[in-house]
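As provided, target24.cif (mmCIF, C-alpha atoms; chains and numbers go by the auth columns) reads as follows.
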```cif
data_structure
loop_
_atom_site.group_PDB
_atom_site.id
_atom_site.type_symbol
_atom_site.label_atom_id
_atom_site.label_comp_id
_atom_site.label_asym_id
_atom_site.label_seq_id
_atom_site.Cartn_x
_atom_site.Cartn_y
_atom_site.Cartn_z
_atom_site.B_iso_or_equiv
_atom_site.auth_seq_id
_atom_site.auth_asym_id
ATOM 1 C CA MET A 1 19.048 4.047 -14.115 0.00 22 A
ATOM 2 C CA GLY A 2 21.307 1.453 -15.642 0.00 23 A
ATOM 3 C CA GLY A 3 24.331 0.794 -13.465 0.00 24 A
ATOM 4 C CA THR A 4 23.602 3.558 -10.968 0.00 25 A
ATOM 5 C CA SER A 5 24.532 2.957 -7.365 0.00 26 A
ATOM 6 C CA GLU A 6 22.490 5.822 -5.905 0.00 27 A
ATOM 7 C CA LEU A 7 18.923 7.040 -5.557 0.00 28 A
ATOM 8 C CA CYS A 8 17.748 10.534 -4.634 0.00 29 A
ATOM 9 C CA CYS A 9 15.298 11.164 -1.807 0.00 30 A
ATOM 10 C CA VAL A 10 13.348 14.370 -1.103 0.00 31 A
ATOM 11 C CA VAL A 11 14.414 15.770 2.262 0.00 32 A
ATOM 12 C CA LYS A 12 14.133 18.918 4.350 0.00 33 A
ATOM 13 C CA SER A 13 16.628 20.179 6.894 0.00 34 A
ATOM 14 C CA ASN A 14 14.349 20.259 9.887 0.00 35 A
ATOM 15 C CA ILE A 15 14.130 18.689 13.341 0.00 36 A
ATOM 16 C CA SER A 16 11.217 16.267 13.028 0.00 37 A
ATOM 17 C CA ASP A 17 10.046 12.868 14.175 0.00 38 A
ATOM 18 C CA ASP A 18 8.769 12.103 10.671 0.00 39 A
ATOM 19 C CA VAL A 19 11.910 10.431 9.395 0.00 40 A
ATOM 20 C CA ALA A 20 11.248 7.698 6.836 0.00 41 A
ATOM 21 C CA LEU A 21 14.867 6.624 6.470 0.00 42 A
ATOM 22 C CA LYS A 22 15.482 5.136 9.896 0.00 43 A
ATOM 23 C CA SER A 23 19.257 5.586 9.905 0.00 44 A
ATOM 24 C CA GLU A 24 19.137 9.185 8.713 0.00 45 A
ATOM 25 C CA PRO A 25 20.237 11.875 11.214 0.00 46 A
ATOM 26 C CA ASN A 26 17.291 13.591 12.908 0.00 47 A
ATOM 27 C CA GLU A 27 17.913 16.936 11.226 0.00 48 A
ATOM 28 C CA TRP A 28 16.777 15.483 7.878 0.00 49 A
ATOM 29 C CA ALA A 29 13.057 14.819 7.462 0.00 50 A
ATOM 30 C CA THR A 30 12.045 12.820 4.391 0.00 51 A
ATOM 31 C CA LEU A 31 9.003 13.660 2.323 0.00 52 A
ATOM 32 C CA ARG A 32 5.915 11.456 2.535 0.00 53 A
ATOM 33 C CA TRP A 33 2.335 12.167 1.562 0.00 54 A
ATOM 34 C CA THR A 34 -0.923 10.244 1.921 0.00 55 A
ATOM 35 C CA ASP A 35 -2.825 9.053 -1.124 0.00 56 A
ATOM 36 C CA GLU A 36 -6.590 8.678 -1.493 0.00 57 A
ATOM 37 C CA PHE A 37 -6.474 5.194 0.030 0.00 58 A
ATOM 38 C CA GLY A 38 -4.618 6.303 3.153 0.00 59 A
ATOM 39 C CA ASN A 39 -1.285 4.865 2.061 0.00 60 A
ATOM 40 C CA SER A 40 1.935 6.671 2.935 0.00 61 A
ATOM 41 C CA ILE A 41 3.917 7.466 -0.240 0.00 62 A
ATOM 42 C CA ALA A 42 7.663 8.197 -0.277 0.00 63 A
ATOM 43 C CA PRO A 43 9.269 9.297 -3.574 0.00 64 A
ATOM 44 C CA PHE A 44 12.675 8.376 -4.933 0.00 65 A
ATOM 45 C CA PHE A 45 14.376 9.676 -8.066 0.00 66 A
ATOM 46 C CA THR A 46 16.909 8.026 -10.304 0.00 67 A
ATOM 47 C CA SER A 47 18.901 11.259 -10.750 0.00 68 A
ATOM 48 C CA LEU A 48 19.046 14.834 -9.521 0.00 69 A
ATOM 49 C CA GLU A 49 17.848 15.984 -12.941 0.00 70 A
ATOM 50 C CA SER A 50 14.732 13.782 -12.869 0.00 71 A
ATOM 51 C CA GLY A 51 13.773 15.156 -9.461 0.00 72 A
ATOM 52 C CA GLN A 52 14.130 18.884 -10.156 0.00 73 A
ATOM 53 C CA PRO A 53 10.702 19.358 -11.843 0.00 74 A
ATOM 54 C CA PHE A 54 9.037 17.630 -8.868 0.00 75 A
ATOM 55 C CA LEU A 55 10.621 20.108 -6.440 0.00 76 A
ATOM 56 C CA LYS A 56 9.011 23.101 -8.170 0.00 77 A
ATOM 57 C CA GLU A 57 5.774 22.541 -6.235 0.00 78 A
ATOM 58 C CA LEU A 58 7.569 22.219 -2.887 0.00 79 A
ATOM 59 C CA ASN A 59 9.186 24.881 -0.719 0.00 80 A
ATOM 60 C CA GLY A 60 12.194 24.108 1.453 0.00 81 A
ATOM 61 C CA TRP A 61 12.720 20.563 0.145 0.00 82 A
ATOM 62 C CA GLN A 62 15.818 19.290 -1.635 0.00 83 A
ATOM 63 C CA LEU A 63 17.218 16.116 -3.155 0.00 84 A
ATOM 64 C CA LYS A 64 19.725 14.015 -1.240 0.00 85 A
ATOM 65 C CA ARG A 65 21.633 11.046 -2.661 0.00 86 A
ATOM 66 C CA TYR A 66 21.630 7.648 -0.917 0.00 87 A
ATOM 67 C CA PRO A 67 23.404 4.427 -1.884 0.00 88 A
ATOM 68 C CA VAL A 68 20.983 1.939 -3.421 0.00 89 A
ATOM 69 C CA SER A 69 22.134 -0.609 -0.832 0.00 90 A
ATOM 70 C CA PHE A 70 20.953 1.699 1.972 0.00 91 A
ATOM 71 C CA VAL A 71 17.587 2.286 0.278 0.00 92 A
ATOM 72 C CA VAL A 72 17.122 -1.468 -0.139 0.00 93 A
ATOM 73 C CA GLU A 73 17.710 -1.992 3.591 0.00 94 A
ATOM 74 C CA VAL A 74 14.977 0.555 4.354 0.00 95 A
ATOM 75 C CA ILE A 75 12.516 -0.937 1.868 0.00 96 A
ATOM 76 C CA LEU A 76 13.079 -4.464 3.156 0.00 97 A
ATOM 77 C CA ALA A 77 12.404 -3.247 6.688 0.00 98 A
ATOM 78 C CA ASP A 78 9.143 -1.677 5.485 0.00 99 A
ATOM 79 C CA ILE A 79 7.797 -4.778 3.714 0.00 100 A
ATOM 80 C CA LYS A 80 5.832 -5.671 6.856 0.00 101 A
ATOM 81 C CA GLN A 81 4.196 -2.225 6.962 0.00 102 A
ATOM 82 C CA GLU A 82 0.936 -2.587 5.056 0.00 103 A
ATOM 83 C CA THR A 83 0.517 1.146 4.367 0.00 104 A
ATOM 84 C CA SER A 84 4.114 1.992 3.342 0.00 105 A
ATOM 85 C CA PHE A 85 4.343 2.612 -0.389 0.00 106 A
ATOM 86 C CA TYR A 86 6.950 4.168 -2.673 0.00 107 A
ATOM 87 C CA THR A 87 7.187 5.758 -6.084 0.00 108 A
ATOM 88 C CA ILE A 88 10.026 6.252 -8.582 0.00 109 A
ATOM 89 C CA ASP A 89 10.419 9.469 -10.605 0.00 110 A
ATOM 90 C CA PRO A 90 6.899 10.819 -9.904 0.00 111 A
ATOM 91 C CA VAL A 91 5.686 13.839 -11.877 0.00 112 A
ATOM 92 C CA SER A 92 3.993 15.345 -8.807 0.00 113 A
ATOM 93 C CA THR A 93 2.204 14.341 -5.605 0.00 114 A
ATOM 94 C CA GLU A 94 -0.920 13.923 -7.753 0.00 115 A
ATOM 95 C CA LYS A 95 0.656 12.065 -10.679 0.00 116 A
ATOM 96 C CA PHE A 96 2.629 9.024 -9.565 0.00 117 A
ATOM 97 C CA LYS A 97 2.617 5.226 -9.556 0.00 118 A
ATOM 98 C CA ALA A 98 2.326 3.783 -6.046 0.00 119 A
ATOM 99 C CA LEU A 99 4.502 0.719 -5.500 0.00 120 A
ATOM 100 C CA SER A 100 4.443 -1.718 -2.624 0.00 121 A
ATOM 101 C CA PRO A 101 7.875 -2.462 -1.111 0.00 122 A
ATOM 102 C CA VAL A 102 8.156 -5.661 -3.186 0.00 123 A
ATOM 103 C CA GLN A 103 7.046 -3.864 -6.349 0.00 124 A
ATOM 104 C CA PHE A 104 9.536 -1.065 -5.648 0.00 125 A
ATOM 105 C CA LEU A 105 12.427 -3.516 -5.341 0.00 126 A
ATOM 106 C CA THR A 106 11.328 -5.336 -8.488 0.00 127 A
ATOM 107 C CA GLU A 107 11.142 -2.020 -10.350 0.00 128 A
ATOM 108 C CA LEU A 108 14.718 -1.278 -9.269 0.00 129 A
ATOM 109 C CA ILE A 109 15.828 -4.667 -10.555 0.00 130 A
ATOM 110 C CA CYS A 110 14.145 -4.151 -13.914 0.00 131 A
ATOM 111 C CA ARG A 111 15.524 -0.616 -14.329 0.00 132 A
ATOM 112 C CA LYS A 112 19.046 -1.815 -13.564 0.00 133 A
ATOM 113 C CA ASN A 113 18.637 -4.875 -15.799 0.00 134 A
ATOM 114 C CA PRO A 114 16.215 -4.177 -18.693 0.00 135 A
ATOM 115 C CA VAL A 115 17.079 -7.564 -20.224 0.00 136 A
ATOM 116 C CA GLY A 116 15.621 -9.295 -17.191 0.00 137 A
ATOM 117 C CA ILE A 117 12.076 -8.094 -17.829 0.00 138 A
ATOM 118 C CA GLU A 118 10.819 -11.629 -17.127 0.00 139 A
ATOM 119 C CA THR A 119 11.371 -10.941 -13.438 0.00 140 A
ATOM 120 C CA GLN A 120 8.945 -8.038 -13.570 0.00 141 A
ATOM 121 C CA ASP A 121 6.389 -10.135 -15.414 0.00 142 A
ATOM 122 C CA LEU A 122 6.623 -12.893 -12.823 0.00 143 A
ATOM 123 C CA VAL A 123 6.473 -10.770 -9.714 0.00 144 A
ATOM 124 C CA LEU A 124 4.249 -7.868 -10.685 0.00 145 A
ATOM 125 C CA LYS A 125 1.702 -9.299 -13.096 0.00 146 A
ATOM 126 C CA HIS A 126 0.942 -12.569 -11.264 0.00 147 A
ATOM 127 C CA GLN A 127 0.627 -14.546 -14.493 0.00 148 A
ATOM 128 C CA ASP A 128 0.494 -17.848 -12.613 0.00 149 A
ATOM 129 C CA ILE A 129 -0.977 -17.936 -9.131 0.00 150 A
ATOM 130 C CA VAL A 130 -1.108 -21.161 -7.171 0.00 151 A
ATOM 131 C CA PRO A 131 -4.285 -21.364 -5.051 0.00 152 A
ATOM 132 C CA ILE A 132 -3.388 -22.011 -1.440 0.00 153 A
ATOM 133 C CA GLU A 133 -5.939 -24.828 -1.302 0.00 154 A
ATOM 134 C CA ALA A 134 -3.744 -26.779 -3.711 0.00 155 A
ATOM 135 C CA LEU A 135 -0.870 -26.584 -1.212 0.00 156 A
ATOM 136 C CA LEU A 136 -2.871 -27.392 1.891 0.00 157 A
ATOM 137 C CA GLY A 137 -4.651 -30.495 0.653 0.00 158 A
ATOM 138 C CA GLY A 138 -7.850 -28.722 -0.347 0.00 159 A
ATOM 139 C CA GLY A 139 -7.487 -29.569 -4.025 0.00 160 A
ATOM 140 C CA ARG A 140 -8.922 -32.575 -5.795 0.00 161 A
ATOM 141 C CA ASP A 141 -5.617 -33.785 -7.231 0.00 162 A
ATOM 142 C CA PRO A 142 -3.069 -35.140 -4.706 0.00 163 A
ATOM 143 C CA ASN A 143 -0.422 -35.259 -7.421 0.00 164 A
ATOM 144 C CA ALA A 144 -0.879 -31.539 -8.069 0.00 165 A
ATOM 145 C CA GLU A 145 -0.375 -30.848 -4.361 0.00 166 A
ATOM 146 C CA VAL A 146 2.935 -32.704 -4.431 0.00 167 A
ATOM 147 C CA GLU A 147 4.028 -30.843 -7.550 0.00 168 A
ATOM 148 C CA TYR A 148 3.116 -27.429 -6.119 0.00 169 A
ATOM 149 C CA ARG A 149 5.058 -28.193 -2.948 0.00 170 A
ATOM 150 C CA ARG A 150 8.042 -29.078 -5.094 0.00 171 A
ATOM 151 C CA LEU A 151 7.743 -25.618 -6.642 0.00 172 A
ATOM 152 C CA LEU A 152 7.992 -24.104 -3.172 0.00 173 A
ATOM 153 C CA ALA A 153 11.041 -26.235 -2.435 0.00 174 A
ATOM 154 C CA VAL A 154 13.005 -24.849 -5.393 0.00 175 A
ATOM 155 C CA ALA A 155 11.625 -21.296 -5.387 0.00 176 A
ATOM 156 C CA ASP A 156 13.916 -18.322 -4.733 0.00 177 A
ATOM 157 C CA LEU A 157 10.970 -16.000 -4.041 0.00 178 A
ATOM 158 C CA ILE A 158 7.573 -16.887 -2.597 0.00 179 A
ATOM 159 C CA PHE A 159 4.791 -14.313 -2.328 0.00 180 A
ATOM 160 C CA GLY A 160 1.333 -14.441 -0.842 0.00 181 A
ATOM 161 C CA VAL A 161 -1.042 -12.562 -3.149 0.00 182 A
ATOM 162 C CA ASP A 162 -4.403 -11.424 -1.815 0.00 183 A
ATOM 163 C CA VAL A 163 -6.919 -12.570 -4.435 0.00 184 A
ATOM 164 C CA MET A 164 -9.191 -9.566 -3.849 0.00 185 A
ATOM 165 C CA SER A 165 -6.733 -6.651 -3.707 0.00 186 A
ATOM 166 C CA GLY A 166 -3.675 -8.109 -5.477 0.00 187 A
ATOM 167 C CA LYS A 167 -1.515 -6.956 -2.557 0.00 188 A
ATOM 168 C CA GLN A 168 1.754 -8.873 -2.246 0.00 189 A
ATOM 169 C CA SER A 169 3.408 -10.085 0.928 0.00 190 A
ATOM 170 C CA ILE A 170 6.848 -11.639 0.837 0.00 191 A
ATOM 171 C CA VAL A 171 6.878 -15.062 2.489 0.00 192 A
ATOM 172 C CA PHE A 172 10.320 -16.229 1.405 0.00 193 A
ATOM 173 C CA GLY A 173 13.292 -14.709 -0.419 0.00 194 A
ATOM 174 C CA ARG A 174 14.058 -11.431 1.338 0.00 195 A
ATOM 175 C CA LEU A 175 17.802 -12.071 0.994 0.00 196 A
ATOM 176 C CA SER A 176 17.452 -12.999 -2.676 0.00 197 A
ATOM 177 C CA LEU A 177 15.698 -9.701 -3.420 0.00 198 A
ATOM 178 C CA LYS A 178 18.290 -7.741 -1.493 0.00 199 A
ATOM 179 C CA GLU A 179 21.179 -9.473 -3.244 0.00 200 A
ATOM 180 C CA LEU A 180 19.616 -9.100 -6.683 0.00 201 A
ATOM 181 C CA VAL A 181 19.195 -5.346 -6.258 0.00 202 A
ATOM 182 C CA ARG A 182 22.647 -4.930 -4.688 0.00 203 A
ATOM 183 C CA THR A 183 24.614 -6.870 -7.293 0.00 204 A
ATOM 184 C CA GLY A 184 22.568 -6.005 -10.352 0.00 205 A
ATOM 185 C CA GLN A 185 22.758 -9.571 -11.605 0.00 206 A
ATOM 186 C CA SER A 186 20.121 -10.322 -14.238 0.00 207 A
ATOM 187 C CA ASN A 187 19.685 -13.995 -13.394 0.00 208 A
ATOM 188 C CA ILE A 188 15.999 -14.804 -13.298 0.00 209 A
ATOM 189 C CA LEU A 189 14.829 -16.056 -9.938 0.00 210 A
ATOM 190 C CA GLY A 190 12.294 -18.816 -9.482 0.00 211 A
ATOM 191 C CA VAL A 191 9.093 -17.094 -8.284 0.00 212 A
ATOM 192 C CA VAL A 192 5.953 -18.681 -6.853 0.00 213 A
ATOM 193 C CA ASN A 193 2.853 -16.572 -6.192 0.00 214 A
ATOM 194 C CA VAL A 194 0.276 -18.129 -3.881 0.00 215 A
ATOM 195 C CA GLY A 195 -3.287 -16.815 -4.038 0.00 216 A
ATOM 196 C CA LEU A 196 -4.976 -16.437 -0.662 0.00 217 A
ATOM 197 C CA ASP A 197 -7.363 -14.389 1.463 0.00 218 A
ATOM 198 C CA SER A 198 -5.342 -11.986 3.621 0.00 219 A
ATOM 199 C CA GLU A 199 -8.354 -11.416 5.909 0.00 220 A
ATOM 200 C CA THR A 200 -8.015 -14.991 7.163 0.00 221 A
ATOM 201 C CA MET A 201 -5.113 -16.986 8.615 0.00 222 A
ATOM 202 C CA GLU A 202 -4.181 -18.384 5.207 0.00 223 A
ATOM 203 C CA ILE A 203 -0.946 -16.423 4.915 0.00 224 A
ATOM 204 C CA GLU A 204 0.145 -17.665 8.352 0.00 225 A
ATOM 205 C CA LYS A 205 -0.593 -21.209 7.147 0.00 226 A
ATOM 206 C CA LEU A 206 1.504 -20.569 4.041 0.00 227 A
ATOM 207 C CA ALA A 207 4.345 -19.218 6.192 0.00 228 A
ATOM 208 C CA ALA A 208 4.210 -22.336 8.368 0.00 229 A
ATOM 209 C CA LEU A 209 4.325 -24.550 5.268 0.00 230 A
ATOM 210 C CA VAL A 210 7.297 -22.620 3.897 0.00 231 A
ATOM 211 C CA GLN A 211 8.988 -22.968 7.283 0.00 232 A
ATOM 212 C CA ASP A 212 8.590 -26.739 7.068 0.00 233 A
ATOM 213 C CA ILE A 213 9.850 -26.936 3.479 0.00 234 A
ATOM 214 C CA LYS A 214 12.581 -24.260 3.410 0.00 235 A
ATOM 215 C CA GLY A 215 13.640 -24.151 7.056 0.00 236 A
ATOM 216 C CA HIS A 216 12.498 -20.541 7.615 0.00 237 A
ATOM 217 C CA HIS A 217 10.115 -17.929 6.267 0.00 238 A
ATOM 218 C CA ASP A 218 10.269 -14.133 5.844 0.00 239 A
ATOM 219 C CA TYR A 219 6.666 -13.175 6.578 0.00 240 A
ATOM 220 C CA TYR A 220 5.795 -10.906 9.473 0.00 241 A
ATOM 221 C CA ARG A 221 2.377 -9.340 9.868 0.00 242 A
ATOM 222 C CA ALA A 222 2.300 -5.555 10.204 0.00 243 A
ATOM 223 C CA GLY A 223 2.973 -4.410 13.744 0.00 244 A
ATOM 224 C CA THR A 224 5.044 -7.448 14.649 0.00 245 A
ATOM 225 C CA ARG A 225 8.770 -7.778 15.031 0.00 246 A
#
```

This entry written out as structure tokens:
Amino acid sequence: MGGTSELCCVVKSNISDDVALKSEPNEWATLRWTDEFGNSIAPFFTSLESGQPFLKELNGWQLKRYPVSFVVEVILADIKQETSFYTIDPVSTEKFKALSPVQFLTELICRKNPVGIETQDLVLKHQDIVPIEALLGGGRDPNAEVEYRRLLAVADLIFGVDVMSGKQSIVFGRLSLKELVRTGQSNILGVVNVGLDSETMEIEKLAALVQDIKGHHDYYRAGTR
């Protein structure tokens, strides 16, 4: 995918309300299927050639090119949707890697910039996760709390990571992700992953803390905004 400015989506010429790409004319319906966990999966392909084998199991569907910038806009809009997932170059609707919106964008970055693999390691593998208690005064070391808050102050990307499921939610850095995918720059962004329980109000507390430190946050719970 190096240097490409387009992605291919699977579409059907049909009047339908099931349009995943919000700005797409109504006569084009985009393919989505539901996985075993109830997540909605939308496939993208890095070239027409890579998508042709996938189409063999589908009747009436075709590949349509979109600018990467347009795809990024759609993915960023879907970050707040907890059941919207994507996949790149799937073999079939049974054999694919489901990616959250943040993981999808990170995968695009890494495919465009293989040298910048550190970004993928930071965002996807959660090598270093700061417990939210350390940021909210629940830790035993006040100095560590100050240091962790300094990390938030200089971070380009801040994610809340559910400690049980590993699910990511972007709390800060939506514009940085968008710009990184759009420009293809391989500069490594400062990433902070905060471990929390998404079944509680901890992510809202993190968002409020980020608001205080950074001046705004990018977290919106599904069904809001």

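Between CA of Val231 (chain A) and CA of Met185 (chain A) lies a distance of 22.4 Å.
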
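Picture a line from CA of Val89 (chain A) to CA of Leu69 (chain A); it runs 14.4 Å.
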
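Each of A:Leu178, A:Met222, A:Ile96, A:Val212 was checked against His238 (chain A) using all atoms listed in the file; the smallest atom-to-atom distance is that of A:Leu178.
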
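Distance check against Ser61 (chain A) using all atoms listed in the file: of A:Ala228, A:Lys188, A:Thr108, A:Leu156, the minimum falls on A:Thr108.
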
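The two atoms in question, CA of Ser90 (chain A) and CA of Val182 (chain A), are spaced 26.2 Å apart.
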
Nearby residues, (17.8, 5.4, -6.4) file frame, 9 Å, all atoms listed in the file, as JSON, numbers by chain
{"A": [22, 25, 26, 27, 28, 29, 30, 65, 66, 67, 68, 86, 87, 88, 89, 92, 109, 129]}

Taking the file as shown, what set of residues would the PyMOL selection byres ((chain A and resi 224) around 12) give back, as a ChimeraX atom specification?
/A:152-154,156-157,179-184,189-193,214-223,225-231,238-242

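When only C-alpha atoms are used to compute distances to Leu120 (chain A), the closest of the residues A:Ile62, A:Ile234, A:Leu198, A:Val95 turns out to be A:Ile62.
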
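Using only C-alpha atoms, the smallest distance between any of A:Gln83, A:Val93, A:Phe75, A:Phe106 and Phe58 (chain A) comes from A:Phe106.
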
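The shortest atom-to-atom distance to Thr114 (chain A), with all atoms listed in the file taken into account, belongs to A:Ala63 out of A:Ala155, A:Leu173, A:Ala63, A:Leu97.
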
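Distance annotation: of A:Lys77, A:Glu200, A:Val32, A:Asp56, the residue with the minimal separation from Glu115 (chain A) is A:Asp56; atom set is only C-alpha atoms.
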